[in-house]
Amino acid sequence: MKVLNKIKNIFDKVLEILGTASLAIMTVLVVYQVITRYVFNRPSGFSEITAQYLFVWMIMFGSAYVYGSKEHLTIDILKDKFSPLVYMIVEIFTNICLFVFIYVVCVSGGWKYTLGQKIQIDPTIHISMAVLYFSVPFTGVITLFYAVYNSIQAVFNYKNHIRTLSDAEKGTA
């Protein structure tokens with residue numbers, strides 16, 4: 001479990017840094033875009049398209065991070081009432097379903113779509129559109145790790161009699 005925790009912490013940190021850097025660069029690009037458009041009356045196509053690409057990547061980084069940190073939207077009212085064994089089974093089943101979905105749609109399907117877009121070149125910034133679409137399989141692989149990690153964590157918690165509670169049960173909702 002220690003090795004998995006270290007890997008998870010690395011993924012968490014990388015996603016935090018990439019998401020924050022994307023937001024910071026996007027902010028600079030959008031301010032630059034506003035200045036060039038309204039002050040100099042010469043809008044910058046480069047900054048607009050680059051900010052759009054970074055926005056997509058930031059959303060994908062954020063979605064993987066939120067799932068990995070278990071901060072995504074969830075309804076725990078029923079799950080919190082389950083016995084520890086049923087709770088573990090539901091956690092594992094949920095993560096298996098997500099794993100299958102992410103693998104089929106994001107990793108496999110996203111990779112095929114990315115490869116199909118590699119010949120299409122963005123006319124403004126002159127890079128392959130695959131750069132944009134690669135965000136889906138890239139963050140999909142990280143989300144697959146999180147699904148496996150969360151399943152192993154559920155078994156570990158069950159064996160060690162550790163119960164994670166929802167925000168409502170903790171009194172933080």
# chains A, B, ... in the order shown; residues from 1 in each chain; ligands from 1
$ closest_atom_pairs --of "segment 26-112 of chain A" --to "segment 3-9 of chain A" --cutoff "12 Å" --atoms "only C-alpha atoms" --output "tab-separated table"
residue	atom	partner	partner_atom	distance
A:Ala64	CA	A:Lys8	CA	11.5
A:Tyr65	CA	A:Lys8	CA	10.0
A:Tyr67	CA	A:Lys8	CA	11.7
A:Gly68	CA	A:Lys8	CA	8.0
A:Ser69	CA	A:Lys8	CA	9.3
$ select_by_dssp --residues "segment 27-68 of chain A" --states "alpha helix (DSSP H)" --output "VMD selection string"
chain A and resid 27 to 34 45 to 68
$ closest_residue --among "A:Val131, A:Met60, A:Val34, A:Met1" --to "Leu18 of chain A" --atoms "only C-alpha atoms"
A:Met60
$ atom_distance --atom1 "atom CA of Phe134 of chain A" --atom2 "atom CA of Pro43 of chain A"
27.6 Å
$ residues_around --residues "Val148 of chain A" --least-positions-apart "3" --cutoff "9 Å" --atoms "only C-alpha atoms" --output "ChimeraX atom specification"
/A:92,95-96,99,143-145,151-153
$ write_last_selection --atoms "N, CA and C atoms" --output "tab-separated table (two decimals), in the first residue's frame"
chain	number	residue	atom	x	y	z
A	92	ILE	N	-15.91	-1.26	-4.53
A	92	ILE	CA	-15.18	-2.00	-5.56
A	92	ILE	C	-15.99	-2.07	-6.85
A	95	ASN	N	-15.93	1.24	-8.65
A	95	ASN	CA	-14.64	1.49	-9.29
A	95	ASN	C	-14.41	0.58	-10.49
A	96	ILE	N	-14.91	-0.64	-10.44
A	96	ILE	CA	-14.79	-1.53	-11.60
A	96	ILE	C	-15.61	-0.98	-12.77
A	99	PHE	N	-13.77	1.90	-14.12
A	99	PHE	CA	-12.58	1.43	-14.82
A	99	PHE	C	-12.92	0.99	-16.24
A	143	THR	N	-6.79	8.16	-14.38
A	143	THR	CA	-8.05	7.81	-13.72
A	143	THR	C	-8.16	6.30	-13.53
A	144	LEU	N	-7.64	5.52	-14.48
A	144	LEU	CA	-7.62	4.06	-14.30
A	144	LEU	C	-6.81	3.69	-13.06
A	145	PHE	N	-5.66	4.33	-12.91
A	145	PHE	CA	-4.86	4.07	-11.71
A	145	PHE	C	-5.67	4.39	-10.46
A	151	SER	N	-10.10	0.90	-5.21
A	151	SER	CA	-10.57	-0.45	-4.91
A	151	SER	C	-9.67	-1.12	-3.87
A	152	ILE	N	-8.36	-0.99	-4.05
A	152	ILE	CA	-7.42	-1.57	-3.09
A	152	ILE	C	-7.57	-0.88	-1.74
A	153	GLN	N	-7.77	0.43	-1.75
A	153	GLN	CA	-7.98	1.19	-0.51
A	153	GLN	C	-9.25	0.71	0.20
$ atom_distance --atom1 "atom CA of Tyr32 of chain A" --atom2 "atom CA of Ile49 of chain A"
12.5 Å
$ atom_distance --atom1 "atom CA of Val56 of chain A" --atom2 "atom CA of Gly110 of chain A"
13.9 Å
$ closest_residue --among "A:Pro123, A:Pro84, A:Gly116, A:Gly109" --to "Lys159 of chain A" --atoms "only C-alpha atoms"
A:Pro84
$ residues_around --residues "Met88 of chain A" --least-positions-apart "5" --cutoff "7 Å" --atoms "only C-alpha atoms" --output "short mmCIF file (atom, residue, chain, number, x, y, z; two decimals) with N, CA and C atoms, in the first residue's frame"
data_model
loop_
_atom_site.label_atom_id
_atom_site.label_comp_id
_atom_site.auth_asym_id
_atom_site.auth_seq_id
_atom_site.Cartn_x
_atom_site.Cartn_y
_atom_site.Cartn_z
N ALA A 154 -10.30 0.38 -0.54
CA ALA A 154 -11.54 -0.11 0.07
C ALA A 154 -11.30 -1.44 0.78
N VAL A 155 -10.54 -2.33 0.15
CA VAL A 155 -10.22 -3.63 0.78
C VAL A 155 -9.35 -3.40 2.02
N TYR A 158 -11.42 -2.07 4.82
CA TYR A 158 -12.29 -3.12 5.36
C TYR A 158 -11.50 -4.05 6.30
#
$ residues_around --residues "Thr27 of chain A" --least-positions-apart "5" --cutoff "12 Å" --atoms "only C-alpha atoms" --output "ChimeraX atom specification"
/A:20-22,32-34,47-48,50-52,54-55
$ residues_around --residues "Ile119 of chain A" --least-positions-apart "3" --cutoff "10 Å" --atoms "only C-alpha atoms" --output "list in words"
Thr114, Leu115, Gly116, Asp122, Ile127, Ser128, Met129 and Ala130 of chain A
$ closest_residue --among "A:Lys2, A:Ile125, A:Asp76, A:Thr94" --to "Phe156 of chain A" --atoms "only C-alpha atoms"
A:Lys2
